[in-house]
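*Asks:* I am attaching a structure below and will ask some questions about it afterwards.
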Amino acid sequence: MKRPEGPNPEVDSVVLDAKGLRAMAHPVRVQLVGLLRKYGPSTATRLAERLGVNSGTASYHLRQLGAAGFVEEDAERGNARERWWRSVHQMTELNDRELADREPEAVLAFLQSVATTYTLRTQQTLNELQTMPRAWRGTFDMSDWALRLTPEEAVALRQELRAVISRYRRDTPEAAASAPEGAERIGVITQILPELDTPAASSLPSGRQEEEGSATS
């Protein structure tokens, strides 16, 4: 693992290398790290209850994550009977294009685990939506837009979206302590999904071209 490069690296973010990728290429490990980042330090028993697995399974995966540097023991909370864990970072990045060529199976396993976690998060919010305060129900959104872009434009779109999100307050322990009254955790999930099986406009009948021009997905 390594820190992100650039003039303003995220001090609480880690970029996956081959070793870190293989360590995270398991759905339980992705979820364990996510829970520690969201709720703070915890024990294997408590994490296992949240995930619906036995504590032995959670303990095993936490040890593997610890060996890879994603989590560490929280010595201030632990004791002879309970072993507490905390996340080392608040964000994980996979941005090495060559890594996908070298470790295709691990990359696919990791991304599938992330996609599963996103689906679970969305379903949890849907299950709780009707009982949320009205103000928060009004913030919920699920939308998709069909665009026709070049690869370069798609990368530019991704960078612009990240720039917009970076203007807002990150959910860190420090930010939570100084956040204004009424501020709660918000999950923003972005997906740019190439759909290369869609025919080009030139291959569609003329009537169909007009229909596609005004439609939204």
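Chain lettering (A, B, ...) mirrors the order of the structure tokens, residue numbering begins at 1 for each chain separately, and ligand numbering begins at 1 in order of display.
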If we count only C-alpha atoms and set the cut-off at 10 Å, which residues sit around A:Leu120, ignoring sequence neighbours fewer than 6 positions away in its own chain? Please answer as a JSON list (two decimals) with C-alpha atoms, in the first residue's frame.
*Replies:*
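The resulting file, out.json, is reproduced below:
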```
[["chain", "number", "residue", "atom", "x", "y", "z"],
["A", 31, "GLN", "CA", -17.47, -4.82, 4.91],
["A", 114, "VAL", "CA", -17.43, -3.18, -3.20],
["A", 126, "LEU", "CA", -34.57, 2.14, 1.53]]
```
*Asks:* Can you pull out every residue from chain A that DSSP, working from the backbone, puts in helix (DSSP H, G or I), and format the result as a ChimeraX atom specification?
*Replies:* /A:18-24,27-39,44-51,55-68,97-102,104-131,134-137,151-166,173-178,201-203,206-214
*Asks:* Write a file of the selected residues as an mmCIF file, in the first residue's frame, keeping C-alpha atoms.
*Replies:*
```cif
data_model
loop_
_atom_site.group_PDB
_atom_site.id
_atom_site.type_symbol
_atom_site.label_atom_id
_atom_site.label_comp_id
_atom_site.auth_asym_id
_atom_site.auth_seq_id
_atom_site.Cartn_x
_atom_site.Cartn_y
_atom_site.Cartn_z
ATOM 1 C CA ALA A 18 -0.865 -5.791 -5.269
ATOM 2 C CA LYS A 19 -0.515 -6.977 -1.660
ATOM 3 C CA GLY A 20 -3.251 -4.727 -0.356
ATOM 4 C CA LEU A 21 -5.536 -5.631 -3.234
ATOM 5 C CA ARG A 22 -5.251 -9.344 -2.522
ATOM 6 C CA ALA A 23 -5.923 -8.702 1.160
ATOM 7 C CA MET A 24 -9.109 -6.756 0.357
ATOM 8 C CA PRO A 27 -16.511 -9.281 0.671
ATOM 9 C CA VAL A 28 -16.302 -9.809 4.450
ATOM 10 C CA ARG A 29 -13.052 -7.835 4.647
ATOM 11 C CA VAL A 30 -14.448 -4.952 2.598
ATOM 12 C CA GLN A 31 -17.467 -4.818 4.913
ATOM 13 C CA LEU A 32 -15.370 -5.071 8.079
ATOM 14 C CA VAL A 33 -13.205 -2.133 7.058
ATOM 15 C CA GLY A 34 -16.338 -0.182 6.107
ATOM 16 C CA LEU A 35 -17.956 -0.810 9.483
ATOM 17 C CA LEU A 36 -14.863 0.283 11.394
ATOM 18 C CA ARG A 37 -14.688 3.458 9.347
ATOM 19 C CA LYS A 38 -18.366 4.222 9.849
ATOM 20 C CA TYR A 39 -18.890 3.312 13.505
ATOM 21 C CA ALA A 44 -14.808 -9.035 16.379
ATOM 22 C CA THR A 45 -17.933 -10.144 18.248
ATOM 23 C CA ARG A 46 -19.793 -6.888 17.644
ATOM 24 C CA LEU A 47 -18.705 -6.724 14.029
ATOM 25 C CA ALA A 48 -19.759 -10.328 13.476
ATOM 26 C CA GLU A 49 -23.246 -9.503 14.788
ATOM 27 C CA ARG A 50 -23.594 -6.668 12.309
ATOM 28 C CA LEU A 51 -22.485 -8.857 9.413
ATOM 29 C CA SER A 55 -17.048 -14.221 15.634
ATOM 30 C CA GLY A 56 -14.350 -16.670 14.562
ATOM 31 C CA THR A 57 -14.837 -15.682 10.931
ATOM 32 C CA ALA A 58 -14.693 -11.984 11.820
ATOM 33 C CA SER A 59 -11.562 -12.516 13.941
ATOM 34 C CA TYR A 60 -9.800 -14.365 11.137
ATOM 35 C CA HIS A 61 -10.481 -11.663 8.572
ATOM 36 C CA LEU A 62 -9.538 -8.891 11.003
ATOM 37 C CA ARG A 63 -6.174 -10.563 11.578
ATOM 38 C CA GLN A 64 -5.605 -10.760 7.830
ATOM 39 C CA LEU A 65 -6.532 -7.096 7.463
ATOM 40 C CA GLY A 66 -4.198 -6.258 10.332
ATOM 41 C CA ALA A 67 -1.304 -8.085 8.680
ATOM 42 C CA ALA A 68 -1.943 -6.084 5.507
ATOM 43 C CA ARG A 97 -4.331 0.751 -14.275
ATOM 44 C CA GLU A 98 -1.407 -1.647 -14.596
ATOM 45 C CA LEU A 99 -2.514 -3.424 -11.422
ATOM 46 C CA ALA A 100 -5.719 -4.484 -13.146
ATOM 47 C CA ASP A 101 -3.636 -6.138 -15.862
ATOM 48 C CA ARG A 102 -1.364 -7.886 -13.390
ATOM 49 C CA PRO A 104 -7.281 -9.244 -12.929
ATOM 50 C CA GLU A 105 -8.946 -11.830 -10.685
ATOM 51 C CA ALA A 106 -8.127 -9.938 -7.480
ATOM 52 C CA VAL A 107 -9.322 -6.651 -8.973
ATOM 53 C CA LEU A 108 -12.588 -8.251 -10.078
ATOM 54 C CA ALA A 109 -13.120 -9.863 -6.667
ATOM 55 C CA PHE A 110 -12.441 -6.572 -4.890
ATOM 56 C CA LEU A 111 -14.758 -4.553 -7.150
ATOM 57 C CA GLN A 112 -17.520 -7.144 -6.866
ATOM 58 C CA SER A 113 -17.208 -6.967 -3.076
ATOM 59 C CA VAL A 114 -17.426 -3.180 -3.199
ATOM 60 C CA ALA A 115 -20.494 -3.358 -5.468
ATOM 61 C CA THR A 116 -22.160 -5.768 -3.038
ATOM 62 C CA THR A 117 -21.437 -3.401 -0.154
ATOM 63 C CA TYR A 118 -22.946 -0.476 -2.070
ATOM 64 C CA THR A 119 -26.082 -2.504 -2.753
ATOM 65 C CA LEU A 120 -26.421 -3.368 0.935
ATOM 66 C CA ARG A 121 -26.029 0.299 1.899
ATOM 67 C CA THR A 122 -28.708 1.338 -0.573
ATOM 68 C CA GLN A 123 -31.105 -1.361 0.626
ATOM 69 C CA GLN A 124 -30.577 -0.358 4.258
ATOM 70 C CA THR A 125 -31.477 3.237 3.455
ATOM 71 C CA LEU A 126 -34.572 2.135 1.526
ATOM 72 C CA ASN A 127 -35.680 0.001 4.473
ATOM 73 C CA GLU A 128 -35.348 2.979 6.819
ATOM 74 C CA LEU A 129 -36.595 5.685 4.454
ATOM 75 C CA GLN A 130 -40.186 5.861 5.661
ATOM 76 C CA THR A 131 -39.146 6.265 9.294
ATOM 77 C CA ARG A 134 -39.117 14.357 6.705
ATOM 78 C CA ALA A 135 -36.153 16.687 6.138
ATOM 79 C CA TRP A 136 -33.829 13.726 5.546
ATOM 80 C CA ARG A 137 -36.310 11.878 3.332
ATOM 81 C CA PRO A 151 -12.849 7.944 -22.665
ATOM 82 C CA GLU A 152 -11.139 11.286 -22.057
ATOM 83 C CA GLU A 153 -14.459 12.990 -21.364
ATOM 84 C CA ALA A 154 -15.471 10.206 -18.976
ATOM 85 C CA VAL A 155 -12.241 10.686 -17.006
ATOM 86 C CA ALA A 156 -12.849 14.439 -16.923
ATOM 87 C CA LEU A 157 -16.372 13.830 -15.623
ATOM 88 C CA ARG A 158 -15.027 11.614 -12.841
ATOM 89 C CA GLN A 159 -12.507 14.278 -11.841
ATOM 90 C CA GLU A 160 -15.171 16.998 -11.826
ATOM 91 C CA LEU A 161 -17.456 14.908 -9.631
ATOM 92 C CA ARG A 162 -14.634 14.300 -7.164
ATOM 93 C CA ALA A 163 -13.857 18.024 -7.129
ATOM 94 C CA VAL A 164 -17.468 18.854 -6.264
ATOM 95 C CA ILE A 165 -17.595 16.281 -3.465
ATOM 96 C CA SER A 166 -14.276 17.497 -2.039
ATOM 97 C CA PRO A 173 -13.975 12.063 13.877
ATOM 98 C CA GLU A 174 -12.558 15.592 13.785
ATOM 99 C CA ALA A 175 -15.208 16.834 11.374
ATOM 100 C CA ALA A 176 -17.988 15.226 13.406
ATOM 101 C CA ALA A 177 -16.828 17.049 16.538
ATOM 102 C CA SER A 178 -16.911 20.449 14.836
ATOM 103 C CA ALA A 201 -26.308 6.525 -33.601
ATOM 104 C CA SER A 202 -25.261 5.878 -37.200
ATOM 105 C CA SER A 203 -26.343 2.231 -36.941
ATOM 106 C CA SER A 206 -33.663 7.295 -38.434
ATOM 107 C CA GLY A 207 -36.823 7.207 -36.320
ATOM 108 C CA ARG A 208 -34.993 5.503 -33.487
ATOM 109 C CA GLN A 209 -32.294 8.207 -33.493
ATOM 110 C CA GLU A 210 -34.882 10.875 -32.741
ATOM 111 C CA GLU A 211 -36.385 8.815 -29.943
ATOM 112 C CA GLU A 212 -33.019 8.283 -28.271
ATOM 113 C CA GLY A 213 -32.215 11.966 -28.508
ATOM 114 C CA SER A 214 -35.035 12.915 -26.167
#
```
*Asks:* Between A:Val53, A:Ile192, A:Val15, A:Ala25, which one has atoms that come closest to A:Leu147, using only C-alpha atoms?
*Replies:* A:Ile192
*Asks:* Any idea what the distance is between atom CA of A:Arg86 and atom CA of A:Thr43?
*Replies:*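 Separation between atom CA of A:Arg86 and atom CA of A:Thr43: 8.9 Å.
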*Asks:* Please identify which residues in stretch 4-60 of chain A DSSP calls strand (DSSP E) from the backbone, and express them as number ranges by chain.
*Replies:* A: 13-15, 42-43
*Asks:* Save the residues we just selected, N, CA and C atoms, as a PDB file, in the first residue's frame?
*Replies:*
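For reference, again_19.pdb as written:
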```pdb
ATOM      1  N   SER A  13      -6.115   8.414   3.458  1.00  0.00           N
ATOM      2  CA  SER A  13      -6.460   7.551   2.338  1.00  0.00           C
ATOM      3  C   SER A  13      -5.279   6.668   1.980  1.00  0.00           C
ATOM      4  N   VAL A  14      -5.562   5.486   1.444  1.00  0.00           N
ATOM      5  CA  VAL A  14      -4.522   4.559   1.036  1.00  0.00           C
ATOM      6  C   VAL A  14      -4.822   4.059  -0.378  1.00  0.00           C
ATOM      7  N   VAL A  15      -3.780   3.958  -1.188  1.00  0.00           N
ATOM      8  CA  VAL A  15      -3.896   3.443  -2.549  1.00  0.00           C
ATOM      9  C   VAL A  15      -3.504   1.974  -2.540  1.00  0.00           C
ATOM     10  N   SER A  42     -14.165  -1.347  17.252  1.00  0.00           N
ATOM     11  CA  SER A  42     -15.113  -2.354  17.679  1.00  0.00           C
ATOM     12  C   SER A  42     -14.392  -3.678  17.887  1.00  0.00           C
ATOM     13  N   THR A  43     -15.127  -4.650  18.407  1.00  0.00           N
ATOM     14  CA  THR A  43     -14.584  -5.990  18.610  1.00  0.00           C
ATOM     15  C   THR A  43     -15.071  -6.919  17.507  1.00  0.00           C
TER      16      THR A  43
END
```
*Asks:* What is the distance, in Å and to one decimal place, between atom CA of A:Asp74 and atom CA of A:Arg169?
*Replies:*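 Here the two named atoms are 25.9 Å from each other.
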